[in-house]
Amino acid sequence: MVPPTTVRRATVVPRPVCPARRDSYGVAMESSAITDDGSPTHTTDRFLTGRVALVTGAASGIGRACAVALAAAGAHVHVVDIAAEEAKAVAHAIGGTAHAVDLADPDAVETLPERVDIVVNNAGLQHVAPIHEFPAERFTLIQKVMVEAPFRIVRRVLPHMYVQRWGRVVNISSVHGLRASAFKSAYVAAKHALEGLSKVAALEGAPYGVTSNCVSPGYVRTPLVENQIAAQAAAHGISGDEVVREIMLERPAIKRLIEPEEVAAAVLYLCRAEAGYVTGTSLSLDGGWTAH
Ligand SMILES: NC(=O)c1ccc[n+]([C@@H]2O[C@H](COP(=O)([O-])OP(=O)(O)OC[C@H]3O[C@@H](n4cnc5c(N)ncnc54)[C@H](O)[C@@H]3O)[C@@H](O)[C@H]2O)c1
């Protein structure tokens with residue numbers, strides 16, 4: 001007799017439920033992670049609850065990603081940018097406070113809040129030209145926004161950080177704070193200066209529980225870089241993809257652009273208690289560029 005056909009039912013094994021991770025106060029938190037291709041997942045680890053952060057250039061790109069990440073971690077964020085409407089939109093989205101300020105104007109910088117626990121000096125701009133053709137006023141503007149304004153902001157907030165004996169200064173530098181590229185004299189000079197300022201702040205801040213570090217990325221996928229891709233594609237008569245592959249990704253060993261959220265994750269790390277001994281250094285996020 002032929003045995004009846006038996007249909008094997010798939011057994012559904014319930015997935016184990018992972019206990020929620022808890023912080024040192026016993027508060028449940030989700031893990032924050034970035035996938036290997038740089039796409040973000042979101043943190044709800046609110047370890048910055050009660051902290052006040054100030055992020056410059058927070059209306060766009062890396063600054064916006066930092067503002068979003070700091071707010072998601074519980075901080076109240078001052079969103080500083082020359083782009084008033086965009087700054088307002090970011091502040092509205094994250095429950096922060098917008099400040100429409102031109103960082104090239106020293107008087108305007110001196111109106112920014114002083115009672116700040118975390119500063120992210122991020123605002124920046126680029127100009128590409130050989131030195132002998134570089135407009136001097138453009139060079140000056142880049143130093144004002146990317147060196148003098150960070151100095152004035154740090155000078156302004158340090159007394160509050162010193163009194164409370166805790167503070168985090170995070171300067172968004174660049175691989176160009178550590179290495180040069182032709183035709184970027186103002187930008188490379190400014191980023192090298194920012195690295196120096198950051199180290200001095202680290203030495204002076206250490207006795208007061210204030211750390212100061214740079215985060216130094218390679219090419220990040222932001223409007224600043226999208227504009228460079230378009231300009232270079234037009235200049236060389238090649239496609240945007242070819243600009244990225246053959247020019248921008250020539251030096252990094254990892255052949256992709258970085259996402260702004262990956263830079264923000266490094267900034268968040270530097271704000272953690274676990275990073276309390278990390279100071280006066282540069283966290284390179286350059287896919288191996290400076291390993292050469
Ligand atoms: N995108 C990259 O590949 C890359 C790589 C390394 C470092 N960085 C650095 O990261 C920082 C952010 O760059 P991004 O790529 O996000 O650029 P972005 O152009 O997307 O954002 C820069 C922001 O700075 C603001 N800003 C410019 N001038 C200002 C001024 N005078 N006053 C106030 N705000 C001003 C802009 O309005 C803008 O919102 C810059 O310091 C840049 O040098 C960028």
# chains A, B, ... in the order shown; residues from 1 in each chain; ligands from 1
>>> closest_atom_pairs(of="chain A", to="ligand 1", cutoff="8 Å", atoms="only C-alpha atoms and all ligand atoms", output="CSV")
residue,atom,partner,partner_atom_place_in_ligand_line,distance
A:Thr56,CA,ligand 1,34 (N),6.3
A:Gly57,CA,ligand 1,24 (O),3.5
A:Ala58,CA,ligand 1,39 (O),5.7
A:Ala59,CA,ligand 1,39 (O),4.3
A:Ser60,CA,ligand 1,39 (O),4.2
A:Gly61,CA,ligand 1,16 (O),3.5
A:Ile62,CA,ligand 1,16 (O),3.8
A:Gly63,CA,ligand 1,16 (O),5.6
A:Arg64,CA,ligand 1,16 (O),7.5
A:Val80,CA,ligand 1,33 (C),6.6
A:Asp81,CA,ligand 1,34 (N),3.8
A:Ile82,CA,ligand 1,33 (C),3.9
A:Ala83,CA,ligand 1,37 (O),4.9
A:Glu86,CA,ligand 1,39 (O),7.8
A:Ala87,CA,ligand 1,39 (O),7.8
A:Ala100,CA,ligand 1,33 (C),7.5
A:Val101,CA,ligand 1,33 (C),5.6
A:Asp102,CA,ligand 1,32 (N),3.7
A:Leu103,CA,ligand 1,32 (N),3.8
A:Ala104,CA,ligand 1,31 (N),4.9
A:Asp105,CA,ligand 1,31 (N),7.7
A:Asn121,CA,ligand 1,41 (O),7.5
A:Asn122,CA,ligand 1,41 (O),4.5
A:Ala123,CA,ligand 1,24 (O),3.8
A:Gly124,CA,ligand 1,41 (O),3.6
A:Leu125,CA,ligand 1,27 (C),5.5
A:Gln126,CA,ligand 1,43 (O),7.0
A:Leu141,CA,ligand 1,31 (N),7.9
A:Val145,CA,ligand 1,31 (N),5.4
A:Met146,CA,ligand 1,41 (O),6.8
A:Ile172,CA,ligand 1,10 (O),5.5
A:Ser173,CA,ligand 1,7 (C),5.4
A:Ser174,CA,ligand 1,6 (C),3.9
A:Val175,CA,ligand 1,6 (C),6.3
A:His176,CA,ligand 1,6 (C),7.3
A:Tyr187,CA,ligand 1,43 (O),7.4
A:Lys191,CA,ligand 1,43 (O),7.6
A:Ser216,CA,ligand 1,6 (C),6.2
A:Pro217,CA,ligand 1,6 (C),4.5
A:Gly218,CA,ligand 1,5 (C),5.0
A:Tyr219,CA,ligand 1,3 (O),3.3
A:Val220,CA,ligand 1,3 (O),3.6
A:Arg221,CA,ligand 1,1 (N),5.8
A:Thr222,CA,ligand 1,15 (O),4.7
A:Pro223,CA,ligand 1,20 (O),4.5
A:Leu224,CA,ligand 1,19 (O),4.1
A:Val225,CA,ligand 1,1 (N),5.0
A:Leu257,CA,ligand 1,3 (O),7.9
A:Ile258,CA,ligand 1,3 (O),7.8
A:Pro260,CA,ligand 1,16 (O),7.2
>>> select_by_dssp(residues="stretch 79-257 of chain A", states="strand (DSSP E)", output="ChimeraX atom specification")
/A:79-81,97-100,118-121,167-172,210-217
>>> select_by_dssp(residues="stretch 121-215 of chain A", states="alpha helix (DSSP H)", output="count of residues only")
45
>>> closest_atom_pairs(of="stretch 90-209 of chain A", to="stretch 66-73 of chain A", cutoff="8 Å", atoms="only C-alpha atoms", output="tab-separated table")
residue	atom	partner	partner_atom	distance
A:Ile94	CA	A:Ala71	CA	6.1
A:Gly95	CA	A:Ala71	CA	7.8
A:Gly96	CA	A:Ala71	CA	7.7
>>> residues_around(residues="A:Thr111", least_positions_apart="4", cutoff="10 Å", atoms="only C-alpha atoms", output="list in words")
His99, Val101, Pro106, Asp107, Ile153 and Arg156 of chain A
>>> atom_distance(atom1="atom CA of A:Glu85", atom2="atom CA of A:Pro113")
19.6 Å
>>> closest_residue(among="A:Leu270, A:Leu283, A:Val147, A:Val154", to="A:Leu48", atoms="only C-alpha atoms")
A:Leu270
